[in-house]
>>> print(open('protein00.txt').read())   # compact mmCIF, C-alpha atoms and all ligand atoms
# COMPACT_ATOMS: atom_id res chain seq x y z
CA MET A 1 62.72 -90.08 -47.61
CA THR A 2 64.55 -86.77 -47.64
CA ASP A 3 66.19 -85.08 -50.50
CA LYS A 4 69.34 -83.76 -48.86
CA THR A 5 72.40 -82.33 -50.59
CA ASN A 6 75.44 -81.82 -48.40
CA ASN A 7 77.76 -78.80 -48.82
CA ASP A 8 81.45 -78.74 -48.01
CA ASN A 9 80.72 -78.55 -44.31
CA ASN A 10 78.49 -81.57 -44.60
CA GLU A 11 75.54 -79.33 -43.73
CA PRO A 12 72.31 -79.83 -45.60
CA ASP A 13 71.74 -77.08 -48.19
CA GLU A 14 68.10 -77.06 -47.62
CA ILE A 15 66.11 -78.32 -44.69
CA PRO A 16 62.78 -79.64 -45.91
CA ASP A 17 59.62 -78.28 -44.37
CA ARG A 18 58.76 -81.74 -43.31
CA VAL A 19 60.40 -85.14 -43.52
CA VAL A 20 58.10 -87.92 -44.61
CA GLY A 21 57.52 -90.40 -41.81
CA THR A 22 58.38 -88.02 -38.98
CA PRO A 23 55.88 -86.27 -36.75
CA THR A 24 54.70 -82.77 -37.53
CA ALA A 25 55.45 -80.21 -34.93
CA GLU A 26 51.84 -79.17 -34.55
CA GLU A 27 48.91 -81.18 -33.33
CA HIS A 28 47.68 -83.58 -35.95
CA THR A 29 44.02 -83.02 -36.69
CA VAL A 30 41.65 -83.85 -39.46
CA ALA A 31 42.00 -80.41 -40.93
CA GLU A 32 45.77 -80.86 -41.16
CA ALA A 33 45.43 -84.35 -42.56
CA GLU A 34 43.05 -82.92 -45.12
CA ALA A 35 45.65 -80.37 -46.16
CA GLU A 36 48.23 -83.14 -46.58
CA ARG A 37 45.95 -85.09 -48.85
CA SER A 38 45.18 -82.14 -51.05
CA HIS A 39 48.71 -82.29 -52.45
CA GLU A 40 49.59 -78.90 -51.04
CA GLY A 41 52.26 -80.45 -48.87
CA PRO A 42 55.78 -81.49 -49.79
CA TYR A 43 54.71 -84.73 -51.57
CA LYS A 44 54.57 -85.24 -55.26
CA ALA A 45 51.11 -85.71 -56.68
CA SER A 46 52.00 -89.24 -57.77
CA GLU A 47 52.69 -90.17 -54.16
CA THR A 48 49.44 -88.90 -52.80
CA HIS A 49 47.09 -89.54 -55.63
CA HIS A 50 43.91 -91.55 -55.25
CA ARG A 51 43.58 -94.52 -57.56
CA PRO A 52 42.17 -93.65 -61.01
CA GLU A 53 38.42 -94.13 -61.04
CA GLU A 54 38.69 -96.84 -63.68
CA GLN A 55 41.13 -98.82 -61.52
CA GLN A 56 38.90 -98.39 -58.47
CA ARG A 57 35.87 -99.68 -60.36
CA ARG A 58 37.77 -102.69 -61.58
CA GLY A 59 39.05 -103.27 -58.03
CA GLU A 60 35.56 -103.05 -56.64
CA LYS A 61 34.27 -105.67 -59.05
CA LEU A 62 37.17 -108.01 -58.47
CA ALA A 63 37.02 -107.66 -54.67
CA SER A 64 33.25 -108.25 -54.79
CA LEU A 65 33.82 -111.38 -56.87
CA TRP A 66 36.19 -112.72 -54.23
CA PHE A 67 33.68 -111.91 -51.50
CA VAL A 68 30.99 -113.80 -53.39
CA ILE A 69 33.35 -116.80 -53.64
CA ALA A 70 34.00 -116.46 -49.90
CA PHE A 71 30.25 -116.36 -49.28
CA LEU A 72 29.72 -119.54 -51.32
CA GLY A 73 32.61 -121.19 -49.45
CA GLY A 74 31.02 -120.21 -46.12
CA ILE A 75 27.63 -121.58 -47.16
CA GLY A 76 29.39 -124.73 -48.39
CA PHE A 77 31.02 -125.08 -44.98
CA LEU A 78 27.67 -124.89 -43.20
CA VAL A 79 26.08 -127.36 -45.61
CA SER A 80 29.02 -129.78 -45.33
CA TYR A 81 28.59 -129.76 -41.58
CA PHE A 82 25.13 -131.26 -41.92
CA VAL A 83 25.77 -133.56 -44.90
CA PHE A 84 27.07 -136.39 -42.72
CA GLY A 85 25.47 -137.41 -39.43
CA PRO A 86 27.47 -138.27 -36.29
CA GLU A 87 27.21 -142.05 -36.95
CA GLU A 88 28.49 -141.68 -40.51
CA ILE A 89 31.42 -139.54 -39.40
CA ALA A 90 32.38 -142.23 -36.89
CA ASP A 91 33.26 -144.40 -39.92
CA PRO A 92 36.83 -143.29 -40.82
CA ARG A 93 36.21 -143.77 -44.56
CA ILE A 94 33.29 -141.33 -44.50
CA GLY A 95 34.91 -139.16 -41.86
CA GLN A 96 37.75 -138.32 -44.21
CA TYR A 97 35.34 -136.98 -46.83
CA SER A 98 33.61 -134.91 -44.19
CA ASN A 99 36.93 -133.48 -43.03
CA ALA A 100 37.98 -132.71 -46.61
CA LEU A 101 34.68 -130.94 -47.33
CA LEU A 102 34.75 -128.90 -44.13
CA GLY A 103 38.41 -128.00 -44.53
CA GLY A 104 38.12 -127.21 -48.23
CA THR A 105 35.09 -124.96 -47.95
CA LEU A 106 36.46 -123.15 -44.92
CA THR A 107 39.75 -122.56 -46.71
CA LEU A 108 37.89 -121.23 -49.75
CA SER A 109 35.87 -118.88 -47.61
CA LEU A 110 38.84 -117.51 -45.67
CA PHE A 111 40.97 -117.26 -48.80
CA GLY A 112 38.17 -115.41 -50.63
CA ILE A 113 37.89 -112.84 -47.85
CA GLY A 114 41.66 -112.39 -47.73
CA ALA A 115 41.97 -112.06 -51.50
CA GLY A 116 39.06 -109.61 -51.68
CA MET A 117 40.57 -107.45 -48.95
CA THR A 118 43.92 -107.44 -50.72
CA VAL A 119 42.36 -106.38 -54.02
CA TRP A 120 40.38 -103.75 -52.19
CA ALA A 121 43.44 -102.32 -50.48
CA ARG A 122 45.55 -102.33 -53.63
CA ASN A 123 43.04 -100.95 -56.11
CA VAL A 124 40.39 -99.00 -54.28
CA MET A 125 41.92 -97.39 -51.24
CA PRO A 126 44.00 -94.23 -51.75
CA HIS A 127 47.67 -94.51 -50.91
CA TYR A 128 49.47 -91.72 -49.16
CA GLU A 129 51.60 -91.32 -46.14
CA VAL A 130 50.44 -89.48 -43.09
CA ALA A 131 52.72 -88.71 -40.21
CA SER A 132 51.12 -88.71 -36.81
CA PRO A 133 53.03 -87.53 -33.76
CA TYR A 134 52.89 -89.26 -30.43
CA ASP A 135 50.18 -87.20 -28.79
CA GLU A 136 50.06 -86.25 -25.18
CA LEU A 137 47.37 -88.07 -23.25
CA PRO A 138 44.60 -87.32 -22.63
CA SER A 139 43.76 -85.98 -26.08
CA SER A 140 42.88 -82.34 -26.40
CA GLU A 141 39.28 -81.28 -26.96
CA LYS A 142 40.21 -80.33 -30.52
CA GLU A 143 41.50 -83.82 -31.25
CA LYS A 144 38.52 -85.48 -29.59
CA GLY A 145 36.15 -83.34 -31.63
CA SER A 146 37.85 -84.28 -34.86
CA PHE A 147 37.90 -88.01 -34.24
CA SER A 148 34.45 -88.97 -35.54
CA ALA A 149 34.95 -86.78 -38.61
CA PHE A 150 38.31 -88.45 -39.15
CA PHE A 151 36.72 -91.89 -38.76
CA MET A 152 33.97 -91.18 -41.27
CA GLN A 153 36.43 -89.64 -43.68
CA SER A 154 38.58 -92.78 -43.49
CA ALA A 155 35.54 -95.00 -44.06
CA ASP A 156 34.65 -92.91 -47.08
CA GLU A 157 38.16 -93.03 -48.49
CA SER A 158 38.40 -96.77 -48.00
CA GLY A 159 35.38 -97.13 -50.24
CA PHE A 160 33.30 -98.83 -47.56
CA THR A 161 30.58 -96.21 -47.61
CA ARG A 162 30.92 -95.21 -51.26
CA ARG A 163 30.95 -98.63 -52.85
CA PRO A 164 27.80 -100.57 -51.88
CA LEU A 165 28.56 -103.62 -54.08
CA MET A 166 31.83 -104.27 -52.30
CA ARG A 167 30.38 -103.51 -48.87
CA ARG A 168 27.38 -105.81 -49.30
CA THR A 169 29.37 -108.71 -50.70
CA LEU A 170 31.89 -108.37 -47.85
CA ILE A 171 29.10 -108.51 -45.25
CA ALA A 172 27.58 -111.52 -47.04
CA ALA A 173 30.98 -113.24 -47.08
CA MET A 174 31.42 -112.74 -43.35
CA LEU A 175 27.91 -113.88 -42.44
CA PRO A 176 28.31 -117.69 -42.79
CA LEU A 177 31.58 -117.57 -40.88
CA GLY A 178 29.85 -115.60 -38.14
CA ILE A 179 27.06 -118.17 -37.90
CA ALA A 180 29.42 -121.17 -38.01
CA PRO A 181 30.62 -120.98 -34.36
CA ILE A 182 27.01 -120.94 -33.16
CA ILE A 183 26.18 -124.05 -35.19
CA LEU A 184 29.39 -125.76 -34.09
CA LEU A 185 28.19 -125.49 -30.49
CA ARG A 186 26.13 -128.58 -31.37
CA ASP A 187 29.37 -130.57 -31.19
CA THR A 188 29.70 -129.83 -27.51
CA GLY A 189 26.93 -132.40 -27.05
CA PRO A 190 23.74 -132.36 -25.00
CA LEU A 191 23.63 -130.42 -21.75
CA PRO A 192 24.75 -132.55 -18.81
CA GLY A 193 21.50 -132.13 -16.84
CA ASP A 194 22.00 -133.51 -13.33
CA LYS A 195 24.49 -136.16 -14.51
CA LEU A 196 27.35 -134.45 -12.70
CA LYS A 197 25.47 -134.36 -9.43
CA VAL A 198 24.06 -137.88 -9.41
CA THR A 199 26.22 -140.96 -8.74
CA PRO A 200 25.39 -144.70 -8.58
CA TRP A 201 25.13 -144.50 -4.79
CA ALA A 202 21.56 -145.08 -3.64
CA ASP A 203 19.70 -146.36 -0.63
CA GLY A 204 20.80 -149.93 0.16
CA ARG A 205 23.73 -150.06 -2.29
CA ARG A 206 26.54 -152.23 -0.92
CA MET A 207 30.17 -151.27 -1.33
CA VAL A 208 33.22 -153.21 -2.51
CA VAL A 209 36.91 -152.66 -1.91
CA GLU A 210 38.18 -150.65 -4.91
CA GLY A 211 39.70 -152.97 -7.51
CA THR A 212 38.04 -156.12 -6.09
CA HIS A 213 34.59 -157.66 -5.74
CA ARG A 214 34.95 -157.95 -2.00
CA GLU A 215 31.96 -156.56 -0.13
CA ILE A 216 32.69 -154.70 3.07
CA ARG A 217 31.41 -155.28 6.59
CA PRO A 218 31.95 -152.93 9.56
CA GLU A 219 34.19 -155.60 11.14
CA ASP A 220 36.69 -155.18 8.31
CA LEU A 221 37.44 -151.76 9.69
CA ALA A 222 36.86 -152.63 13.34
CA GLN A 223 39.84 -154.96 13.19
CA ASP A 224 41.92 -152.05 11.98
CA PRO A 225 40.99 -149.01 14.09
CA TYR A 226 42.22 -145.83 12.39
CA GLY A 227 41.99 -147.79 9.15
CA MET A 228 40.93 -146.50 5.77
CA ILE A 229 39.45 -148.36 2.77
CA SER A 230 38.90 -147.06 -0.70
CA ALA A 231 35.54 -148.38 -1.98
CA LEU A 232 33.16 -148.36 -4.94
CA PRO A 233 29.43 -149.09 -5.20
CA LEU A 234 28.50 -152.72 -5.87
CA MET A 235 26.48 -152.95 -9.06
CA HIS A 236 24.19 -155.90 -9.78
CA GLU A 237 24.07 -157.35 -13.25
CA GLU A 238 20.59 -156.05 -13.87
CA ASP A 239 22.01 -152.52 -13.26
CA TYR A 240 24.95 -152.90 -15.65
CA GLY A 241 23.03 -151.53 -18.63
CA GLU A 242 25.42 -150.28 -21.31
CA ASN A 243 28.31 -150.65 -18.85
CA VAL A 244 28.28 -154.41 -19.25
CA HIS A 245 31.81 -154.33 -20.71
CA TYR A 246 33.33 -152.76 -17.60
CA PRO A 247 34.69 -155.18 -14.98
CA HIS A 248 32.30 -153.98 -12.25
CA GLY A 249 29.49 -152.95 -14.56
CA ILE A 250 30.24 -149.35 -13.71
CA SER A 251 31.68 -146.90 -16.21
CA LEU A 252 34.99 -145.18 -15.57
CA ASN A 253 33.13 -141.87 -15.30
CA ASP A 254 30.86 -143.26 -12.63
CA GLN A 255 33.81 -144.83 -10.85
CA ALA A 256 35.54 -141.47 -10.79
CA LYS A 257 32.44 -139.82 -9.35
CA SER A 258 31.50 -142.43 -6.79
CA VAL A 259 34.77 -143.67 -5.28
CA ILE A 260 34.83 -143.13 -1.51
CA LEU A 261 37.11 -143.30 1.49
CA LEU A 262 35.74 -145.34 4.37
CA ILE A 263 37.43 -144.24 7.57
CA LYS A 264 37.18 -145.75 11.02
CA MET A 265 37.49 -142.86 13.47
CA PRO A 266 39.34 -143.37 16.79
CA THR A 267 37.20 -143.31 19.96
CA ASN A 268 37.90 -141.70 23.32
CA GLU A 269 37.83 -143.40 26.73
CA GLU A 270 34.02 -143.38 26.74
CA GLY A 271 34.03 -145.13 23.41
CA GLN A 272 32.80 -141.99 21.63
CA VAL A 273 34.24 -140.30 18.58
CA ASP A 274 35.39 -136.70 19.16
CA TRP A 275 33.49 -135.24 16.24
CA GLY A 276 34.12 -131.59 15.29
CA GLU A 277 31.45 -128.90 15.44
CA GLU A 278 30.52 -129.27 11.76
CA MET A 279 29.35 -132.82 12.46
CA THR A 280 25.68 -132.01 12.98
CA GLU A 281 23.20 -134.52 14.34
CA GLU A 282 22.16 -135.35 10.78
CA ARG A 283 25.74 -135.98 9.69
CA ARG A 284 26.42 -138.19 12.69
CA ASN A 285 23.43 -140.25 11.65
CA TRP A 286 25.15 -140.78 8.33
CA THR A 287 27.97 -142.65 10.11
CA HIS A 288 27.99 -146.19 11.45
CA GLU A 289 29.87 -147.19 14.60
CA GLY A 290 32.48 -144.50 14.04
CA ILE A 291 32.85 -145.33 10.33
CA ILE A 292 32.44 -142.34 8.07
CA ALA A 293 32.48 -142.16 4.25
CA TYR A 294 33.70 -139.24 2.15
CA SER A 295 34.13 -138.72 -1.56
CA LYS A 296 37.71 -139.50 -2.50
CA ILE A 297 37.74 -136.87 -5.24
CA CYS A 298 39.46 -133.69 -4.14
CA THR A 299 37.23 -130.64 -4.44
CA HIS A 300 40.12 -128.59 -5.78
CA VAL A 301 40.75 -130.01 -9.25
CA GLY A 302 39.75 -133.62 -8.78
CA CYS A 303 42.83 -135.63 -7.79
CA PRO A 304 42.20 -138.66 -5.59
CA ALA A 305 42.68 -137.44 -2.03
CA ALA A 306 43.97 -140.79 -0.89
CA LEU A 307 46.52 -140.01 1.81
CA TYR A 308 45.25 -140.45 5.34
CA GLU A 309 47.09 -139.29 8.43
CA ARG A 310 45.82 -141.57 11.18
CA THR A 311 46.92 -139.63 14.26
CA THR A 312 45.43 -136.32 13.17
CA HIS A 313 42.63 -137.93 11.08
CA ARG A 314 43.47 -135.61 8.23
CA ILE A 315 42.84 -136.55 4.61
CA LEU A 316 45.50 -135.16 2.30
CA CYS A 317 45.43 -134.59 -1.42
CA PRO A 318 48.90 -135.15 -2.88
CA CYS A 319 48.39 -132.82 -5.83
CA HIS A 320 48.36 -129.42 -4.11
CA GLN A 321 48.28 -130.43 -0.46
CA SER A 322 44.66 -129.65 0.29
CA THR A 323 43.93 -131.12 3.71
CA PHE A 324 40.52 -132.11 5.05
CA ASP A 325 39.51 -132.90 8.63
CA ALA A 326 37.78 -136.29 8.65
CA ALA A 327 36.44 -135.69 12.19
CA ASN A 328 34.81 -132.41 11.20
CA ALA A 329 32.73 -133.07 8.07
CA ALA A 330 35.92 -133.00 5.94
CA GLU A 331 36.28 -129.25 6.38
CA VAL A 332 39.26 -127.79 4.53
CA VAL A 333 42.05 -127.06 7.02
CA PHE A 334 44.79 -126.29 4.51
CA GLY A 335 45.41 -125.83 0.80
CA PRO A 336 43.63 -124.47 -2.23
CA ALA A 337 40.39 -126.49 -2.01
CA HIS A 338 37.37 -124.36 -1.10
CA ARG A 339 34.85 -127.05 -0.31
CA PRO A 340 34.73 -130.00 2.11
CA LEU A 341 34.71 -133.51 0.67
CA PRO A 342 31.04 -134.52 0.28
CA GLN A 343 29.91 -137.07 2.85
CA LEU A 344 28.12 -140.29 1.89
CA PRO A 345 25.41 -141.46 4.30
CA ILE A 346 26.02 -145.08 5.30
CA GLY A 347 24.51 -147.87 7.38
CA VAL A 348 24.31 -151.68 7.34
CA ASP A 349 21.79 -153.93 5.63
CA SER A 350 19.98 -156.94 7.06
CA GLU A 351 22.98 -159.16 6.29
CA GLY A 352 25.42 -156.87 8.06
CA TYR A 353 27.10 -155.38 5.00
CA LEU A 354 27.94 -151.71 4.81
CA VAL A 355 25.59 -149.87 2.45
CA SER A 356 24.94 -146.33 1.39
CA THR A 357 21.62 -144.92 2.52
CA GLY A 358 21.48 -142.32 -0.22
CA ASP A 359 23.67 -140.27 -2.56
CA PHE A 360 26.39 -137.81 -1.52
CA SER A 361 25.47 -134.79 0.59
CA GLU A 362 26.71 -132.59 -2.29
CA ALA A 363 27.96 -133.15 -5.82
CA PRO A 364 31.42 -134.74 -5.67
CA GLY A 365 34.33 -133.32 -7.59
CA PRO A 366 36.15 -130.08 -8.21
CA THR A 367 35.21 -126.62 -7.16
CA PHE A 368 33.12 -126.12 -10.31
CA TRP A 369 30.15 -126.57 -8.02
CA ASP A 370 31.09 -123.53 -5.95
CA TYR A 371 29.99 -121.40 -8.86
CA ALA A 372 26.55 -122.95 -8.81
CA LYS A 373 26.26 -122.08 -5.14
CA ASP A 374 27.33 -118.43 -5.48
S1 LIG A 401 43.56 -131.45 -6.62
FE1 LIG A 401 43.67 -131.74 -4.51
S2 LIG A 401 44.72 -130.09 -3.81
FE2 LIG A 401 44.57 -129.72 -5.90
>>> encode(input="protein00.txt", output="structure tokens")
Amino acid sequence: MTDKTNNDNNEPDEIPDRVVGTPTAEEHTVAEAEAERSHEGPYKASETHHRPEEQQRRGEKLASLWFVIAFLGGIGFLVSYFVFGPEEIADPRIGQYSNALLGGTLTLSLFGIGAGMTVWARNVMPHYEVASPYDELPSSEKEKGSFSAFFMQSADESGFTRRPLMRRTLIAAMLPLGIAPIILLRDTGPLPGDKLKVTPWADGRRMVVEGTHREIRPEDLAQDPYGMISALPLMHEEDYGENVHYPHGISLNDQAKSVILLIKMPTNEEGQVDWGEEMTEERRNWTHEGIIAYSKICTHVGCPAALYERTTHRILCPCHQSTFDAANAAEVVFGPAHRPLPQLPIGVDSEGYLVSTGDFSEAPGPTFWDYAKD
């Protein structure tokens, strides 16, 4: 605010030394700020005064009381988290009490901290205005030198260093809320172990056409050279376990991990497949009569890569157009995927059905696994 009086020419009679809220002409340092606070500047004492000691003491007590309430709320939140076990919470009638307890105590804790801070700011901290100019960067040596003194002075003025009751209760109030996120990590469940790497494919496991119970023989593909079948592992009832309620005795998670593309590769005039250079001797042994099996789950972000271009033997993912070369160990030839589709080793059993002879060459699924390899 300025206290201007205009004369006949609309010129101010008196130009104040300094207008509150505008930058000073000189560099702003602690020494200058100190001078401003000592009421030697253009402000009235009432504008720059510290709170009366009595008011500060009352403010300290009240703020500390709120911090204690916040502390109790935080402890209540942690206790409420353990009051009901996971099975009890699954019951909606009990779950609602758990939610009410957690929500109520957390609200109390946050409200207590907020209320305490407000009381602190209103009754303990001094109130005055300080104008600070936009400084040139980098700061001058003088300004740098004054920073830590300025910081400590501010801490002192705020009451943080001078008022141990308020400081300690504030720290105590924050403590349970600081611990809470660590405890809540429990809700993320047990570590996955090797669950993400292991699928139901195993030595001798037959395969069925996806969505049916029809087991697959090499002839099914031989009759359709260049053909492609989407397949899942065949589970026997004794392997259903807790997945007994799923149509194939295989959970949706396991289906998503284990679904494969069976592809019959075209042969040349000598009846050989023109495999690419990534198809090592070992990988060729994982094929059967030109039939090769790859994970159907795109290694980019996990869409089903279910489009097959027969003439170029390219597998395409419709989501972001990643393209894999089926003749060359499913190497990425285009798109954002970084990793080939994992290959499943296959063969035939004594009854002539196609079977896996082990699990995938690598963990199927998105590029998450690239991080493990780096
Ligand atoms: S999920 Fe396949 S390209 Fe993105």
>>> residues_near_ligand(input="protein00.txt", ligand="ligand LIG 401 (chain A)", cutoff="6 Å", atoms="only C-alpha atoms and all ligand atoms", output="VMD selection string")
chain A and resid 298 300 to 303 317 319 to 322 336 to 337
>>> closest_residue(input="protein00.txt", among="A:Ser98, A:Thr312, A:Ser64, A:Thr199", to="Ala172 (chain A)", atoms="all atoms listed in the file")
A:Ser64
>>> residues_around(input="protein00.txt", residues="Gly104 (chain A)", least_positions_apart="3", cutoff="10 Å", atoms="only C-alpha atoms", output="number ranges by chain")
A: 73, 76-77, 80, 98-101, 107-109
>>> atom_distance(input="protein00.txt", atom1="CA of Met125 (chain A)", atom2="CA of Phe150 (chain A)")
15.5 Å
>>> residues_around(input="protein00.txt", residues="Tyr97 (chain A)", least_positions_apart="6", cutoff="10 Å", atoms="all atoms listed in the file", output="list in words")
Ser80, Phe84, Ile89 and Gly103 of chain A
>>> closest_residue(input="protein00.txt", among="A:Pro126, A:Pro176, A:Pro92, A:Pro364", to="Asp156 (chain A)", atoms="all atoms listed in the file")
A:Pro126
>>> atom_distance(input="protein00.txt", atom1="CA of Ile69 (chain A)", atom2="CA of Val119 (chain A)")
13.8 Å
>>> build_atoms(input="protein00.txt", residues="region 235-244 of chain A", atoms="all heavy atoms", output="PDB file, in the coordinates of the input")
ATOM      1  N   MET A 235      27.565-152.971  -8.082  1.00  0.00           N
ATOM      2  CA  MET A 235      26.480-152.950  -9.060  1.00  0.00           C
ATOM      3  C   MET A 235      26.029-154.391  -9.309  1.00  0.00           C
ATOM      4  O   MET A 235      26.850-155.303  -9.395  1.00  0.00           O
ATOM      5  CB  MET A 235      26.949-152.335 -10.380  1.00  0.00           C
ATOM      6  CG  MET A 235      27.542-150.942 -10.254  1.00  0.00           C
ATOM      7  SD  MET A 235      26.403-149.722  -9.587  1.00  0.00           S
ATOM      8  CE  MET A 235      25.392-149.417 -11.022  1.00  0.00           C
ATOM      9  N   HIS A 236      24.715-154.586  -9.440  1.00  0.00           N
ATOM     10  CA  HIS A 236      24.190-155.900  -9.780  1.00  0.00           C
ATOM     11  C   HIS A 236      24.010-155.987 -11.292  1.00  0.00           C
ATOM     12  O   HIS A 236      23.835-154.961 -11.952  1.00  0.00           O
ATOM     13  CB  HIS A 236      22.860-156.120  -9.055  1.00  0.00           C
ATOM     14  CG  HIS A 236      23.018-156.061  -7.563  1.00  0.00           C
ATOM     15  ND1 HIS A 236      23.643-157.050  -6.842  1.00  0.00           N
ATOM     16  CD2 HIS A 236      22.678-155.103  -6.673  1.00  0.00           C
ATOM     17  CE1 HIS A 236      23.665-156.721  -5.567  1.00  0.00           C
ATOM     18  NE2 HIS A 236      23.093-155.537  -5.429  1.00  0.00           N
ATOM     19  N   GLU A 237      24.062-157.203 -11.788  1.00  0.00           N
ATOM     20  CA  GLU A 237      24.070-157.350 -13.250  1.00  0.00           C
ATOM     21  C   GLU A 237      22.893-156.669 -13.926  1.00  0.00           C
ATOM     22  O   GLU A 237      23.027-156.107 -15.015  1.00  0.00           O
ATOM     23  CB  GLU A 237      24.100-158.836 -13.630  1.00  0.00           C
ATOM     24  CG  GLU A 237      25.514-159.352 -13.559  1.00  0.00           C
ATOM     25  CD  GLU A 237      25.657-160.762 -14.085  1.00  0.00           C
ATOM     26  OE1 GLU A 237      24.848-161.142 -14.950  1.00  0.00           O
ATOM     27  OE2 GLU A 237      26.572-161.456 -13.621  1.00  0.00           O
ATOM     28  N   GLU A 238      21.755-156.684 -13.247  1.00  0.00           N
ATOM     29  CA  GLU A 238      20.590-156.050 -13.870  1.00  0.00           C
ATOM     30  C   GLU A 238      20.771-154.521 -13.974  1.00  0.00           C
ATOM     31  O   GLU A 238      20.049-153.845 -14.692  1.00  0.00           O
ATOM     32  CB  GLU A 238      19.298-156.397 -13.127  1.00  0.00           C
ATOM     33  CG  GLU A 238      19.237-155.996 -11.668  1.00  0.00           C
ATOM     34  CD  GLU A 238      19.749-157.082 -10.722  1.00  0.00           C
ATOM     35  OE1 GLU A 238      20.533-157.947 -11.169  1.00  0.00           O
ATOM     36  OE2 GLU A 238      19.370-157.048  -9.535  1.00  0.00           O
ATOM     37  N   ASP A 239      21.763-153.975 -13.201  1.00  0.00           N
ATOM     38  CA  ASP A 239      22.010-152.520 -13.260  1.00  0.00           C
ATOM     39  C   ASP A 239      23.143-152.167 -14.217  1.00  0.00           C
ATOM     40  O   ASP A 239      23.458-150.998 -14.398  1.00  0.00           O
ATOM     41  CB  ASP A 239      22.395-151.992 -11.860  1.00  0.00           C
ATOM     42  CG  ASP A 239      21.312-152.227 -10.837  1.00  0.00           C
ATOM     43  OD1 ASP A 239      20.136-152.191 -11.230  1.00  0.00           O
ATOM     44  OD2 ASP A 239      21.645-152.454  -9.661  1.00  0.00           O
ATOM     45  N   TYR A 240      23.770-153.191 -14.810  1.00  0.00           N
ATOM     46  CA  TYR A 240      24.950-152.900 -15.650  1.00  0.00           C
ATOM     47  C   TYR A 240      24.582-152.009 -16.844  1.00  0.00           C
ATOM     48  O   TYR A 240      25.324-151.107 -17.193  1.00  0.00           O
ATOM     49  CB  TYR A 240      25.576-154.196 -16.184  1.00  0.00           C
ATOM     50  CG  TYR A 240      26.453-154.918 -15.189  1.00  0.00           C
ATOM     51  CD1 TYR A 240      26.458-154.583 -13.845  1.00  0.00           C
ATOM     52  CD2 TYR A 240      27.282-155.955 -15.600  1.00  0.00           C
ATOM     53  CE1 TYR A 240      27.255-155.265 -12.937  1.00  0.00           C
ATOM     54  CE2 TYR A 240      28.084-156.637 -14.705  1.00  0.00           C
ATOM     55  CZ  TYR A 240      28.065-156.291 -13.378  1.00  0.00           C
ATOM     56  OH  TYR A 240      28.855-156.956 -12.500  1.00  0.00           O
ATOM     57  N   GLY A 241      23.450-152.297 -17.459  1.00  0.00           N
ATOM     58  CA  GLY A 241      23.030-151.530 -18.630  1.00  0.00           C
ATOM     59  C   GLY A 241      24.113-151.541 -19.697  1.00  0.00           C
ATOM     60  O   GLY A 241      24.701-152.579 -20.015  1.00  0.00           O
ATOM     61  N   GLU A 242      24.411-150.354 -20.242  1.00  0.00           N
ATOM     62  CA  GLU A 242      25.420-150.280 -21.310  1.00  0.00           C
ATOM     63  C   GLU A 242      26.836-150.405 -20.766  1.00  0.00           C
ATOM     64  O   GLU A 242      27.802-150.372 -21.541  1.00  0.00           O
ATOM     65  CB  GLU A 242      25.257-148.967 -22.085  1.00  0.00           C
ATOM     66  CG  GLU A 242      25.410-147.741 -21.212  1.00  0.00           C
ATOM     67  CD  GLU A 242      25.083-146.455 -21.958  1.00  0.00           C
ATOM     68  OE1 GLU A 242      24.357-146.531 -22.981  1.00  0.00           O
ATOM     69  OE2 GLU A 242      25.539-145.400 -21.497  1.00  0.00           O
ATOM     70  N   ASN A 243      26.972-150.518 -19.438  1.00  0.00           N
ATOM     71  CA  ASN A 243      28.310-150.650 -18.850  1.00  0.00           C
ATOM     72  C   ASN A 243      28.722-152.108 -18.687  1.00  0.00           C
ATOM     73  O   ASN A 243      29.627-152.412 -17.912  1.00  0.00           O
ATOM     74  CB  ASN A 243      28.362-149.959 -17.485  1.00  0.00           C
ATOM     75  CG  ASN A 243      28.090-148.482 -17.605  1.00  0.00           C
ATOM     76  OD1 ASN A 243      28.528-147.854 -18.571  1.00  0.00           O
ATOM     77  ND2 ASN A 243      27.359-147.929 -16.663  1.00  0.00           N
ATOM     78  N   VAL A 244      28.047-152.979 -19.417  1.00  0.00           N
ATOM     79  CA  VAL A 244      28.280-154.410 -19.250  1.00  0.00           C
ATOM     80  C   VAL A 244      29.735-154.788 -19.555  1.00  0.00           C
ATOM     81  O   VAL A 244      30.243-155.795 -19.059  1.00  0.00           O
ATOM     82  CB  VAL A 244      27.271-155.198 -20.134  1.00  0.00           C
ATOM     83  CG1 VAL A 244      27.560-154.971 -21.605  1.00  0.00           C
ATOM     84  CG2 VAL A 244      27.275-156.668 -19.792  1.00  0.00           C
TER      85      VAL A 244
END
